[in-house]
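A.B. asks: Pasting start-v3.tsv below, which is TSV, C-alpha atoms.
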chain	number	residue	atom	x	y	z
N	15	MET	CA	179.79	186.01	-23.19
N	16	MET	CA	180.82	183.86	-20.23
N	17	ASP	CA	181.59	180.94	-22.59
N	18	ARG	CA	184.11	182.92	-24.64
N	19	THR	CA	187.84	182.49	-24.19
N	20	GLY	CA	189.87	185.46	-23.02
N	21	ILE	CA	187.10	187.00	-20.88
N	22	ASP	CA	188.47	189.27	-18.14
N	23	ALA	CA	188.78	187.20	-14.95
N	24	ASP	CA	187.50	189.95	-12.65
N	25	LEU	CA	184.42	190.50	-14.82
N	26	LEU	CA	183.75	186.76	-14.93
N	27	ALA	CA	184.14	186.48	-11.16
N	28	GLY	CA	181.65	189.32	-10.75
N	29	ASP	CA	179.25	187.64	-13.14
N	30	LEU	CA	179.43	184.37	-11.20
N	31	GLY	CA	178.65	186.28	-8.03
N	32	ASN	CA	175.63	187.83	-9.74
N	33	LEU	CA	174.48	184.39	-10.89
N	34	ARG	CA	174.68	183.08	-7.33
N	35	THR	CA	172.49	185.97	-6.22
N	36	ILE	CA	170.00	185.33	-9.03
N	37	ASN	CA	169.83	181.61	-8.21
N	38	ASN	CA	169.32	182.39	-4.54
N	39	TRP	CA	166.69	185.10	-4.89
N	40	PHE	CA	164.89	184.17	-8.09
N	41	GLY	CA	163.96	180.54	-7.63
N	42	GLY	CA	166.88	178.53	-8.99
N	43	LEU	CA	168.05	176.95	-5.76
N	44	ARG	CA	164.52	176.65	-4.39
N	45	ALA	CA	163.34	174.78	-7.50
N	46	VAL	CA	166.25	172.35	-7.28
N	47	ARG	CA	165.67	171.73	-3.55
N	48	ARG	CA	161.98	171.02	-4.11
N	49	CYS	CA	162.52	168.65	-7.04
N	50	VAL	CA	165.44	166.76	-5.52
N	51	ALA	CA	163.56	166.05	-2.27
N	52	PRO	CA	161.44	163.13	-3.62
N	53	LEU	CA	164.51	161.69	-5.36
N	54	ILE	CA	166.36	161.67	-2.05
N	55	ASP	CA	163.48	159.66	-0.60
N	56	GLY	CA	164.06	157.12	-3.38
N	57	VAL	CA	167.47	156.21	-1.93
N	58	VAL	CA	167.44	153.65	0.88
N	59	GLN	CA	167.66	155.32	4.30
N	60	GLY	CA	171.18	155.11	5.66
N	61	ALA	CA	172.78	154.60	2.24
N	62	ARG	CA	175.22	157.17	0.91
N	63	ILE	CA	173.55	159.27	-1.80
N	64	GLU	CA	175.72	159.78	-4.88
N	65	VAL	CA	175.02	162.97	-6.86
N	66	LEU	CA	176.46	164.26	-10.13
N	67	ASP	CA	176.18	168.02	-10.75
N	68	LEU	CA	176.81	168.89	-14.41
N	69	ALA	CA	178.18	172.28	-15.51
N	70	THR	CA	178.42	173.28	-11.87
N	71	GLY	CA	179.66	176.84	-12.45
N	72	SER	CA	180.62	178.17	-9.03
N	73	ALA	CA	179.03	175.12	-7.33
N	74	ASP	CA	176.17	176.99	-5.65
N	75	CYS	CA	173.71	174.14	-6.32
N	76	ALA	CA	176.21	171.56	-5.07
N	77	VAL	CA	176.82	173.56	-1.89
N	78	GLU	CA	173.09	174.08	-1.31
N	79	LEU	CA	172.46	170.36	-1.73
N	80	ALA	CA	175.31	169.50	0.65
N	81	LYS	CA	173.79	171.83	3.27
N	82	ARG	CA	170.39	170.21	2.85
N	83	MET	CA	171.85	166.72	3.25
N	84	ARG	CA	173.58	167.80	6.44
N	85	ARG	CA	170.28	169.12	7.81
N	86	LEU	CA	168.59	165.83	6.91
N	87	GLY	CA	171.41	163.80	8.43
N	88	ARG	CA	171.99	161.98	5.13
N	89	SER	CA	175.40	160.89	3.88
N	90	VAL	CA	176.17	162.25	0.42
N	91	GLY	CA	178.94	162.37	-2.13
N	92	ILE	CA	178.60	165.11	-4.76
N	93	THR	CA	180.72	165.11	-7.89
N	94	ALA	CA	180.50	168.55	-9.50
N	95	VAL	CA	181.98	168.95	-12.98
N	96	ASP	CA	182.61	171.82	-15.37
N	97	LYS	CA	184.67	172.34	-18.52
N	98	ASN	CA	185.88	175.86	-17.74
N	99	PRO	CA	189.10	175.97	-15.63
N	100	PHE	CA	188.09	179.32	-14.11
N	101	MET	CA	184.77	177.82	-13.02
N	102	ILE	CA	186.63	174.89	-11.50
N	103	GLU	CA	188.90	177.21	-9.52
N	104	THR	CA	185.93	179.26	-8.29
N	105	ALA	CA	183.88	176.16	-7.45
N	106	ARG	CA	186.71	174.70	-5.37
N	107	LYS	CA	186.91	177.92	-3.35
N	108	MET	CA	183.15	177.99	-2.82
N	109	ALA	CA	183.07	174.31	-1.76
N	110	ALA	CA	186.21	174.42	0.37
N	111	ASN	CA	184.28	173.72	3.59
N	112	PHE	CA	182.35	170.82	2.08
N	113	PRO	CA	184.52	167.67	1.88
N	114	GLU	CA	181.50	165.79	0.54
N	115	ILE	CA	181.86	167.78	-2.72
N	116	THR	CA	184.48	166.81	-5.31
N	117	ILE	CA	185.13	169.26	-8.15
N	118	ASP	CA	186.42	167.84	-11.44
N	119	GLU	CA	187.21	169.44	-14.79
N	120	MET	CA	185.17	167.62	-17.40
N	121	ASP	CA	183.31	168.18	-20.69
N	122	ILE	CA	179.68	167.16	-20.09
N	123	LEU	CA	179.37	166.19	-23.74
N	124	SER	CA	181.93	163.41	-23.11
N	125	LEU	CA	181.07	161.96	-19.72
N	126	PRO	CA	183.10	158.86	-18.74
N	127	PHE	CA	180.65	157.44	-16.18
N	128	PRO	CA	179.05	154.01	-16.62
N	129	ASP	CA	175.30	153.41	-16.66
N	130	ARG	CA	173.45	154.05	-13.38
N	131	SER	CA	176.58	155.24	-11.58
N	132	PHE	CA	174.89	158.09	-9.61
N	133	ASP	CA	171.62	158.16	-7.71
N	134	ILE	CA	170.76	161.70	-8.81
N	135	VAL	CA	172.05	163.78	-11.72
N	136	LEU	CA	171.58	167.57	-11.82
N	137	CYS	CA	172.06	170.15	-14.54
N	138	SER	CA	171.18	173.70	-13.52
N	139	SER	CA	171.14	176.80	-15.73
N	140	ALA	CA	173.30	175.20	-18.40
N	141	ILE	CA	171.17	173.51	-21.09
N	142	HIS	CA	170.56	176.81	-22.90
N	143	HIS	CA	174.32	177.13	-23.46
N	144	PHE	CA	174.14	174.20	-25.90
N	145	SER	CA	172.65	173.55	-29.31
N	146	ARG	CA	169.45	171.54	-29.47
N	147	ARG	CA	171.36	168.47	-30.67
N	148	ASP	CA	173.88	168.69	-27.83
N	149	ALA	CA	171.11	169.34	-25.29
N	150	VAL	CA	169.35	166.14	-26.39
N	151	HIS	CA	172.64	164.27	-25.92
N	152	ILE	CA	172.98	165.70	-22.39
N	153	LEU	CA	169.44	164.58	-21.53
N	154	PHE	CA	170.22	161.10	-22.86
N	155	GLU	CA	173.36	160.93	-20.72
N	156	MET	CA	171.59	162.15	-17.58
N	157	ASN	CA	168.95	159.48	-18.05
N	158	ARG	CA	171.61	156.83	-18.65
N	159	ILE	CA	173.78	157.72	-15.65
N	160	ALA	CA	171.04	158.24	-13.03
N	161	ARG	CA	169.82	155.35	-10.86
N	162	VAL	CA	166.92	157.14	-9.16
N	163	GLY	CA	166.29	160.26	-11.21
N	164	PHE	CA	167.55	163.54	-12.61
N	165	VAL	CA	166.68	167.24	-12.58
N	166	VAL	CA	167.21	169.91	-15.22
N	167	ASN	CA	166.69	173.47	-14.02
N	168	ASP	CA	166.79	176.05	-16.78
N	169	LEU	CA	165.18	179.13	-18.28
N	170	ASP	CA	161.91	179.39	-20.21
N	171	ARG	CA	162.19	181.34	-23.45
N	172	SER	CA	159.74	184.22	-23.80
N	173	ARG	CA	159.80	187.84	-24.92
N	174	PHE	CA	158.53	189.04	-21.57
N	175	GLY	CA	161.15	186.99	-19.76
N	176	ALA	CA	163.90	188.43	-21.97
N	177	TRP	CA	162.64	191.96	-21.32
N	178	ALA	CA	162.54	191.31	-17.56
N	179	ALA	CA	166.08	189.90	-17.65
N	180	TRP	CA	167.32	192.95	-19.58
N	181	LEU	CA	165.66	195.27	-17.06
N	182	TYR	CA	167.09	193.39	-14.09
N	183	GLY	CA	170.56	193.34	-15.61
N	184	HIS	CA	170.59	197.09	-16.22
N	185	LEU	CA	169.11	197.98	-12.82
N	186	ALA	CA	170.99	195.54	-10.58
N	187	THR	CA	174.55	195.54	-11.92
N	188	THR	CA	177.09	197.28	-14.14
N	189	ASN	CA	178.80	194.00	-15.03
N	190	PRO	CA	178.71	193.77	-18.85
N	191	ILE	CA	178.68	189.95	-18.86
N	192	THR	CA	175.64	189.77	-16.60
N	193	ARG	CA	173.88	192.52	-18.54
N	194	HIS	CA	174.40	190.74	-21.84
N	195	ASP	CA	174.01	187.13	-20.74
N	196	SER	CA	170.90	187.55	-18.60
N	197	TYR	CA	169.02	188.78	-21.67
N	198	ALA	CA	170.73	186.49	-24.20
N	199	SER	CA	170.25	183.40	-22.03
N	200	VAL	CA	166.46	183.77	-22.00
N	201	LEU	CA	166.44	184.18	-25.78
N	202	ARG	CA	168.61	181.05	-26.18
N	203	ALA	CA	166.52	178.95	-23.78
N	204	PHE	CA	163.99	176.30	-24.76
N	205	THR	CA	160.23	176.31	-24.25
N	206	VAL	CA	158.11	173.69	-22.47
N	207	SER	CA	157.07	172.08	-25.76
N	208	GLU	CA	160.64	172.07	-27.09
N	209	LEU	CA	162.13	170.57	-23.92
N	210	THR	CA	159.36	167.96	-23.86
N	211	ALA	CA	160.03	166.99	-27.48
N	212	MET	CA	163.77	166.90	-26.82
N	213	SER	CA	163.24	164.62	-23.80
N	214	ARG	CA	161.26	162.15	-25.91
N	215	GLU	CA	163.95	162.33	-28.59
N	216	ALA	CA	166.54	161.49	-25.92
N	217	GLY	CA	164.58	158.34	-25.02
N	218	LEU	CA	163.12	159.56	-21.73
N	219	HIS	CA	159.88	157.89	-20.66
N	220	SER	CA	158.96	158.84	-17.10
N	221	PHE	CA	159.45	162.61	-16.89
N	222	VAL	CA	157.62	165.90	-16.43
N	223	VAL	CA	158.42	169.43	-17.62
N	224	LYS	CA	156.89	172.32	-15.70
N	225	ARG	CA	157.11	176.09	-15.69
N	226	GLN	CA	158.34	177.73	-12.51
N	227	VAL	CA	158.23	181.31	-11.27
N	228	PHE	CA	160.76	183.82	-12.60
N	229	PHE	CA	160.75	182.36	-16.12
N	230	ARG	CA	162.20	178.98	-15.25
N	231	LEU	CA	161.59	175.43	-16.45
N	232	ILE	CA	162.11	172.26	-14.46
N	233	LEU	CA	162.46	168.81	-16.00
N	234	VAL	CA	162.33	165.90	-13.59
N	235	GLY	CA	162.92	162.33	-14.73
N	236	VAL	CA	162.38	159.33	-12.48
N	237	HIS	CA	163.45	155.73	-12.90
N	238	PRO	CA	160.83	153.23	-11.63
Render the structure in this file as structure tokens.

C.D. replies:
Amino acid sequence: MMDRTGIDADLLAGDLGNLRTINNWFGGLRAVRRCVAPLIDGVVQGARIEVLDLATGSADCAVELAKRMRRLGRSVGITAVDKNPFMIETARKMAANFPEITIDEMDILSLPFPDRSFDIVLCSSAIHHFSRRDAVHILFEMNRIARVGFVVNDLDRSRFGAWAAWLYGHLATTNPITRHDSYASVLRAFTVSELTAMSREAGLHSFVVKRQVFFRLILVGVHP
């Protein structure tokens, strides 16, 4: 529902708030932090780390990464992009105290960046919004743009996961977007075998796909 035009702004704002809570409490941000850590180590100490965050939503992953870089004392520039103008407006508010984050409106199916233009490329909780063909294209682009590596954080399709998402949505919130999309997103997600096959189709060579807690998948690709 969140991808439809004409969605009530207050409902969408509430849904984004719910998604931030889900990412914070149910493993999304933790999985990204853990997988990005070795990629950070792949950037020369003292060099500015350039990060691209695709389909940033309300920029919770970008903000979390900026906080981590501050704790580590590393210089970072994060370019966070999204196609939805409402997401862009929300992301800019959420990242207002983080000058290291730049928010741009952009279609991730038509990225203008040259090869190897960012150290790390992220895409969190977004791949399931796309068709298989478009998802393969996104993986290809992430691999092309990244110098050090890239991380895809998404859902793992399963009946039990869909049931758990439906239960959570109906117990934790009255927001109709969250109630619908939490269930529908799991059903639209890819499995480990599908994401692995898609990665090979996209031309990825050095990568791993792993299940995480709370019905999540992580794909990490590394450039030697």

A.B. asks: Restricting the calculation to all atoms listed in the file, which member of N:Leu68, N:Ala27, N:Cys137, N:Cys49 is positioned closest to Lys97 of chain N?

C.D. replies: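 Checking each candidate against Lys97 of chain N, we get N:Leu68 as the closest.
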
A.B. asks: Enumerate, in order of chain and increasing residue number, the residues of segment 120-209 of chain N with an atom no farther than 12 Å from segment 72-78 of chain N, each with its shortest atom pair and distance in Å to one decimal, counting all atoms listed in the file, as a Markdown table.

C.D. replies:
| residue | atom | partner | partner_atom | distance |
| --- | --- | --- | --- | --- |
| N:Ile134 | CA | N:Ala76 | CA | 11.9 |
| N:Val135 | CA | N:Ala76 | CA | 11.0 |
| N:Leu136 | CA | N:Cys75 | CA | 8.8 |
| N:Cys137 | CA | N:Cys75 | CA | 9.3 |
| N:Ser138 | CA | N:Cys75 | CA | 7.6 |
| N:Ser139 | CA | N:Cys75 | CA | 10.1 |
| N:Val165 | CA | N:Cys75 | CA | 11.7 |
| N:Val166 | CA | N:Cys75 | CA | 11.8 |
| N:Asn167 | CA | N:Cys75 | CA | 10.4 |

A.B. asks: Residues of the last selection are to be written out with C-alpha atoms, as a JSON list (two decimals), in the frame of the given file.

C.D. replies:
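The resulting file, out-v7.json, is reproduced below:
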[["chain", "number", "residue", "atom", "x", "y", "z"],
["N", 134, "ILE", "CA", 170.76, 161.70, -8.81],
["N", 135, "VAL", "CA", 172.05, 163.78, -11.72],
["N", 136, "LEU", "CA", 171.58, 167.57, -11.82],
["N", 137, "CYS", "CA", 172.06, 170.15, -14.54],
["N", 138, "SER", "CA", 171.18, 173.70, -13.52],
["N", 139, "SER", "CA", 171.14, 176.80, -15.73],
["N", 165, "VAL", "CA", 166.68, 167.24, -12.58],
["N", 166, "VAL", "CA", 167.21, 169.91, -15.22],
["N", 167, "ASN", "CA", 166.69, 173.47, -14.02]]

A.B. asks: In Å to one decimal, how far is atom CA of Asp129 of chain N from atom CA of Ile63 of chain N?

C.D. replies: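 The value is 16.1 Å.
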
A.B. asks: Give the answer as one residue: which of N:Ala69, N:Ile117, N:Val58, N:Met212 has the shortest atom-to-atom distance to Asp17 of chain N, using all atoms listed in the file?

C.D. replies: N:Ala69

A.B. asks: So what do you get for atom CA of Pro128 of chain N versus atom CA of Glu114 of chain N, distance-wise?

C.D. replies: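 Atom-to-atom, atom CA of Pro128 of chain N to atom CA of Glu114 of chain N, that is 21.0 Å.
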
A.B. asks: Record the distance separating atom CA of Ser131 of chain N and atom CA of Arg106 of chain N, expressed in Å with one decimal.

C.D. replies: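 Interatomic distance here is 22.8 Å.
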
A.B. asks: What lies within 12 Å of Lys81 of chain N using only C-alpha atoms, ignoring chain neighbours under 3 positions off, as a list in words?

C.D. replies: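 My reading of the contact set: Leu43, Arg47, Asp74, Cys75, Ala76, Val77, Glu78, Arg84, Arg85, Leu86, Gly87, Arg88, Ser89, Val90, Ile92, Ala109, Asn111, Phe112, Pro113, Glu114 and Ile115 of chain N.
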
A.B. asks: Point out the residue among N:Arg18, N:Arg158, N:Arg62, N:Arg147 with the least atom-to-atom distance to Ala211 of chain N, counting all atoms listed in the file.

C.D. replies: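 Selected residue with least distance to Ala211 of chain N: N:Arg147.
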
A.B. asks: Point out the residue among N:Met101, N:Leu33, N:Met156, N:Met108 with the least atom-to-atom distance to Phe127 of chain N, counting all atoms listed in the file.

C.D. replies: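 Between N:Met101, N:Leu33, N:Met156, N:Met108, the residue approaching Phe127 of chain N most closely is N:Met156.
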